Amino acid sequence: MKKFKTINPADYSTKDLHKILLSSVTPRPIALASTVDASGNVNLSPFSYFNVFSADPPILIFSPANRVTDNSKKDTLRNVNEVKEVVINLVDRYIVEPTSLSSVYFEKNIDEFLKSGLTKIDSNHIKPPRVLESPISFECKVNKIVALGDNGGAGNLVICEILTIHIDEKYLNDNGDIDPLKLNLVARMGENYYLDVKKESLFEIKKPVGQEAIGVDSLPSHTRNSLILSNNDLARLGNIEKTPTTLLINEFKQDEEIKKIIILTDQNEKIKLLHQRVKEFLKNDDLNSAVLTLFSI
């Protein structure tokens with residue numbers, strides 16, 4: 001006979017109930033929402049309280065919840081109250097770590113596009129930019145915002161009417177329809193887990209370190225056009241609290257393999273070999289060595 005753990009929500013703290021809900025109502029699609037405030041400052045943030053609710057009119061709804069810790073409002077919610085427009089960008093396997101990095105509680109007016117390493121592209125009809133790397137983006141006007149409560153953890157339904165849809169053509173089949181297997185979107189599970197459309201679909205991403213993450217824009221300039229390091233690689237490297245000290249870098253540069261690379265006179269070859277070395281460290285989950293290698297020139 002089955003045994004059930006029966007829960008009365010009123011008996012649990014908001015934090016504990018939140019954890020139960022996020023671990024049980026899965027998988028959840030992810031809306032990577034780009035918004036602007038009245039002054040034109042851009043914000044980018046992911047939300048897994050998200051889905052499609054109507055085709056005529058075409059309606060998407062996502063919900064920025066009041067923060068459980070202090071009941072503060074998220075920048076996205078403040079922005080859509082000021083400028084009633086939003087781009088909802090979908091998230092696939094190739095941008096899931098930059099998306100996670102964009103969820104850091106950066107100070108207001110900090111551009112999460114720069115911090116995450118994702119690329120802005122102008123929208124056709126609204127002010128907020130869309131994410132170039134996203135496979136599908138929806139330009140929307142905000143029809144209504146419904147507050148579900150006043151406490152920390154209370155949701156705020158942002159009801160969005162789709163004005164324009166942008167679909168990367170490489171995800172279409174021969175009939176011009178979206179091919180879900182090509183699309184390979186990811187969904188949110190409980191804890192640190194995500195899900196993609198493959199059978200071997202469960203994977204884990206460490207949460208961003210917090211407000212002090214340096215971001216991709218603070219990595220050395222030679223990473224910006226790397227042909228070796230992916231968006232996910234750069235987001236992992238940008239998810240550190242501070243850049244390594246000169247002392248640590250100089251100590252690391254005494255490694256014989258690193259010495260062989262940094263003495264090369266061909267700058268392009270040097271950068272290529274260093275990036276390959278960084279890639280190897282990341283594959284072995286040695287983030288510390290990867291970061292020190294990156295800062296060795």
# chains A, B, ... in the order shown; residues from 1 in each chain; ligands from 1
$ residues_around --residues "A:Val291" --least-positions-apart "4" --cutoff "8 Å" --atoms "only C-alpha atoms" --output "PyMOL selection string"
chain A and resi 237+244+278+287+295
$ closest_atom_pairs --of "stretch 142-235 of chain A" --to "stretch 274-277 of chain A" --cutoff "10 Å" --atoms "only C-alpha atoms" --output "Markdown table"
| residue | atom | partner | partner_atom | distance |
| --- | --- | --- | --- | --- |
| A:His222 | CA | A:His275 | CA | 9.4 |
| A:Thr223 | CA | A:His275 | CA | 8.1 |
| A:Ser226 | CA | A:His275 | CA | 7.7 |
| A:Leu227 | CA | A:His275 | CA | 8.8 |
| A:Ile228 | CA | A:His275 | CA | 6.3 |
| A:Leu229 | CA | A:His275 | CA | 6.7 |
$ closest_residue --among "A:Ile7, A:Leu264, A:Val80, A:Leu282" --to "A:Leu21" --atoms "only C-alpha atoms"
A:Ile7
$ closest_residue --among "A:Pro135, A:Asp266, A:Ser45, A:Leu219" --to "A:Lys182" --atoms "only C-alpha atoms"
A:Pro135
$ select_by_dssp --residues "stretch 10-67 of chain A" --states "strand (DSSP E)" --output "VMD selection string"
chain A and resid 28 to 29 31 to 36 42 to 47 50 to 55 58 to 62
$ select_by_dssp --residues "stretch 43-209 of chain A" --states "helix (DSSP H, G or I)" --output "list in words"
Asp75, Thr76, Leu77, Arg78, Asn79, Val80, Asn81, Glu82, Arg93, Tyr94, Ile95, Val96, Glu97, Pro98, Thr99, Ser100, Leu101, Glu112, Phe113, Leu114, Lys115, Ser116, Glu169, Lys170, Tyr171, Pro180, Leu181, Lys182 and Leu183 of chain A
$ atom_distance --atom1 "atom CA of A:Ala55" --atom2 "atom CA of A:Asn89"
17.8 Å
$ residues_around --residues "A:Asp255" --least-positions-apart "6" --cutoff "12 Å" --atoms "only C-alpha atoms" --output "ChimeraX atom specification"
/A:248-249,261-262,289,292-293,296
$ atom_distance --atom1 "atom CA of A:Lys279" --atom2 "atom CA of A:Leu181"
26.8 Å
$ closest_residue --among "A:Asp122, A:Asp179, A:Asp233, A:Asp11" --to "A:Lys283" --atoms "only C-alpha atoms"
A:Asp233
$ residues_around --residues "A:Ile178" --least-positions-apart "3" --cutoff "12 Å" --atoms "only C-alpha atoms" --output "list in words"
Pro135, Ile136, His166, Ile167, Asp168, Glu169, Lys170, Tyr171, Leu172, Asn173, Asp174, Asn175, Leu181, Lys182, Leu183, Asn184 and Leu185 of chain A
$ write_last_selection --atoms "all heavy atoms" --output "tab-separated table (two decimals), in the first residue's frame"
chain	number	residue	atom	x	y	z
A	135	PRO	N	16.66	30.59	-29.48
A	135	PRO	CA	16.09	29.97	-30.68
A	135	PRO	C	14.74	30.56	-31.08
A	135	PRO	O	14.41	30.61	-32.26
A	135	PRO	CB	15.94	28.50	-30.28
A	135	PRO	CG	15.85	28.51	-28.79
A	135	PRO	CD	16.72	29.65	-28.35
A	136	ILE	N	13.96	31.02	-30.11
A	136	ILE	CA	12.65	31.63	-30.38
A	136	ILE	C	12.45	32.78	-29.40
A	136	ILE	O	12.66	32.63	-28.20
A	136	ILE	CB	11.50	30.62	-30.22
A	136	ILE	CG1	11.70	29.41	-31.15
A	136	ILE	CG2	10.15	31.28	-30.52
A	136	ILE	CD1	10.65	28.33	-31.00
A	166	HIS	N	9.94	35.51	-33.40
A	166	HIS	CA	11.17	35.30	-34.18
A	166	HIS	C	11.66	33.88	-33.94
A	166	HIS	O	11.91	33.49	-32.80
A	166	HIS	CB	12.25	36.29	-33.75
A	166	HIS	CG	11.84	37.73	-33.84
A	166	HIS	ND1	11.94	38.45	-35.01
A	166	HIS	CD2	11.31	38.58	-32.92
A	166	HIS	CE1	11.51	39.69	-34.80
A	166	HIS	NE2	11.12	39.79	-33.54
A	167	ILE	N	11.79	33.09	-35.02
A	167	ILE	CA	12.20	31.69	-34.92
A	167	ILE	C	13.47	31.48	-35.75
A	167	ILE	O	13.49	31.78	-36.95
A	167	ILE	CB	11.10	30.74	-35.42
A	167	ILE	CG1	9.78	31.01	-34.68
A	167	ILE	CG2	11.52	29.28	-35.25
A	167	ILE	CD1	8.59	30.26	-35.26
A	168	ASP	N	14.51	30.99	-35.10
A	168	ASP	CA	15.74	30.65	-35.83
A	168	ASP	C	15.41	29.52	-36.81
A	168	ASP	O	14.96	28.45	-36.42
A	168	ASP	CB	16.81	30.20	-34.83
A	168	ASP	CG	18.17	30.02	-35.47
A	168	ASP	OD1	18.23	29.67	-36.67
A	168	ASP	OD2	19.19	30.21	-34.78
A	169	GLU	N	15.66	29.76	-38.11
A	169	GLU	CA	15.23	28.82	-39.14
A	169	GLU	C	15.91	27.46	-39.06
A	169	GLU	O	15.39	26.48	-39.60
A	169	GLU	CB	15.47	29.44	-40.52
A	169	GLU	CG	14.53	30.61	-40.83
A	169	GLU	CD	14.68	31.12	-42.24
A	169	GLU	OE1	15.54	30.59	-43.00
A	169	GLU	OE2	13.93	32.05	-42.61
A	170	LYS	N	17.04	27.38	-38.37
A	170	LYS	CA	17.72	26.08	-38.29
A	170	LYS	C	16.94	25.08	-37.44
A	170	LYS	O	17.25	23.89	-37.44
A	170	LYS	CB	19.14	26.25	-37.77
A	170	LYS	CG	19.28	26.61	-36.31
A	170	LYS	CD	20.76	26.75	-35.95
A	170	LYS	CE	20.95	27.13	-34.49
A	170	LYS	NZ	22.38	27.34	-34.17
A	171	TYR	N	15.92	25.57	-36.71
A	171	TYR	CA	15.11	24.68	-35.89
A	171	TYR	C	13.81	24.28	-36.57
A	171	TYR	O	12.93	23.69	-35.94
A	171	TYR	CB	14.82	25.34	-34.54
A	171	TYR	CG	16.08	25.60	-33.75
A	171	TYR	CD1	16.54	26.90	-33.57
A	171	TYR	CD2	16.83	24.55	-33.23
A	171	TYR	CE1	17.71	27.15	-32.87
A	171	TYR	CE2	18.00	24.79	-32.55
A	171	TYR	CZ	18.43	26.09	-32.36
A	171	TYR	OH	19.59	26.32	-31.67
A	172	LEU	N	13.68	24.57	-37.85
A	172	LEU	CA	12.50	24.19	-38.61
A	172	LEU	C	12.75	22.92	-39.40
A	172	LEU	O	13.88	22.64	-39.82
A	172	LEU	CB	12.11	25.32	-39.57
A	172	LEU	CG	11.83	26.70	-38.95
A	172	LEU	CD1	11.51	27.71	-40.05
A	172	LEU	CD2	10.71	26.63	-37.93
A	173	ASN	N	11.68	22.13	-39.60
A	173	ASN	CA	11.81	20.94	-40.44
A	173	ASN	C	11.51	21.29	-41.89
A	173	ASN	O	11.31	22.46	-42.23
A	173	ASN	CB	10.89	19.82	-39.92
A	173	ASN	CG	9.42	20.22	-39.92
A	173	ASN	OD1	8.99	21.10	-40.67
A	173	ASN	ND2	8.64	19.56	-39.07
A	174	ASP	N	11.45	20.28	-42.75
A	174	ASP	CA	11.26	20.53	-44.18
A	174	ASP	C	9.91	21.16	-44.49
A	174	ASP	O	9.74	21.77	-45.55
A	174	ASP	CB	11.41	19.21	-44.95
A	174	ASP	CG	12.84	18.69	-44.91
A	174	ASP	OD1	13.76	19.49	-44.65
A	174	ASP	OD2	13.03	17.48	-45.13
A	175	ASN	N	8.94	21.00	-43.59
A	175	ASN	CA	7.61	21.58	-43.79
A	175	ASN	C	7.51	23.01	-43.25
A	175	ASN	O	6.45	23.63	-43.33
A	175	ASN	CB	6.53	20.72	-43.13
A	175	ASN	CG	6.46	19.34	-43.75
A	175	ASN	OD1	6.62	19.19	-44.96
A	175	ASN	ND2	6.21	18.32	-42.92
A	181	LEU	N	12.89	18.18	-31.57
A	181	LEU	CA	14.16	17.51	-31.31
A	181	LEU	C	15.34	18.38	-31.71
A	181	LEU	O	16.40	18.34	-31.08
A	181	LEU	CB	14.21	16.16	-32.03
A	181	LEU	CG	13.21	15.12	-31.52
A	181	LEU	CD1	13.31	13.84	-32.34
A	181	LEU	CD2	13.45	14.82	-30.04
A	182	LYS	N	15.17	19.15	-32.77
A	182	LYS	CA	16.21	20.10	-33.14
A	182	LYS	C	16.28	21.24	-32.13
A	182	LYS	O	17.35	21.73	-31.80
A	182	LYS	CB	15.96	20.68	-34.53
A	182	LYS	CG	16.18	19.74	-35.70
A	182	LYS	CD	15.93	20.47	-37.00
A	182	LYS	CE	16.15	19.57	-38.21
A	182	LYS	NZ	15.87	20.28	-39.48
A	183	LEU	N	15.12	21.65	-31.65
A	183	LEU	CA	15.04	22.81	-30.77
A	183	LEU	C	15.77	22.60	-29.45
A	183	LEU	O	16.47	23.47	-28.96
A	183	LEU	CB	13.57	23.15	-30.51
A	183	LEU	CG	13.25	24.48	-29.84
A	183	LEU	CD1	13.84	25.63	-30.63
A	183	LEU	CD2	11.74	24.65	-29.70
A	184	ASN	N	15.58	21.43	-28.85
A	184	ASN	CA	16.31	21.06	-27.64
A	184	ASN	C	16.21	22.12	-26.54
A	184	ASN	O	17.21	22.54	-25.94
A	184	ASN	CB	17.78	20.79	-27.97
A	184	ASN	CG	18.49	20.04	-26.85
A	184	ASN	OD1	17.86	19.46	-25.97
A	184	ASN	ND2	19.81	20.05	-26.88
A	185	LEU	N	14.99	22.59	-26.27
A	185	LEU	CA	14.77	23.51	-25.17
A	185	LEU	C	15.04	22.82	-23.84
A	185	LEU	O	14.98	21.59	-23.75
A	185	LEU	CB	13.33	24.03	-25.17
A	185	LEU	CG	12.93	24.93	-26.33
A	185	LEU	CD1	11.50	25.39	-26.14
A	185	LEU	CD2	13.86	26.14	-26.43
$ residues_around --residues "A:Ser221" --least-positions-apart "4" --cutoff "12 Å" --atoms "only C-alpha atoms" --output "PDB file with C-alpha atoms, in the first residue's frame"
ATOM      1  CA  VAL A 216      31.468  37.536 -18.588  1.00  0.00           C
ATOM      2  CA  ASP A 217      32.217  41.221 -19.311  1.00  0.00           C
ATOM      3  CA  ASN A 225      35.703  36.144 -29.805  1.00  0.00           C
ATOM      4  CA  SER A 226      36.952  32.738 -28.736  1.00  0.00           C
ATOM      5  CA  LEU A 234      32.265  31.765 -20.449  1.00  0.00           C
ATOM      6  CA  ILE A 271      45.516  32.368 -26.964  1.00  0.00           C
ATOM      7  CA  LEU A 294      42.498  32.378 -18.485  1.00  0.00           C
ATOM      8  CA  PHE A 295      44.143  35.209 -16.549  1.00  0.00           C
ATOM      9  CA  ILE A 297      48.075  36.529 -20.192  1.00  0.00           C
TER      10      ILE A 297
END
$ closest_atom_pairs --of "stretch 126-237 of chain A" --to "stretch 67-79 of chain A" --cutoff "10 Å" --atoms "only C-alpha atoms" --output "CSV"
residue,atom,partner,partner_atom,distance
A:Ile145,CA,A:Leu77,CA,8.9
A:Asp150,CA,A:Asn71,CA,8.2
A:Asn151,CA,A:Asn71,CA,6.1
A:Gly152,CA,A:Asn71,CA,4.0
A:Gly153,CA,A:Val68,CA,4.7
A:Ala154,CA,A:Arg67,CA,8.1
A:Gly155,CA,A:Arg67,CA,9.4
A:Asn156,CA,A:Leu77,CA,7.8
A:Leu157,CA,A:Leu77,CA,9.5
A:Val158,CA,A:Leu77,CA,8.2
$ residues_around --residues "A:Gly190" --least-positions-apart "4" --cutoff "10 Å" --atoms "only C-alpha atoms" --output "PyMOL selection string"
chain A and resi 19-28+194
$ closest_residue --among "A:Pro180, A:Asp111, A:Asn239, A:Ser54" --to "A:Asp196" --atoms "only C-alpha atoms"
A:Pro180
$ atom_distance --atom1 "atom CA of A:Met189" --atom2 "atom CA of A:Pro29"
9.4 Å
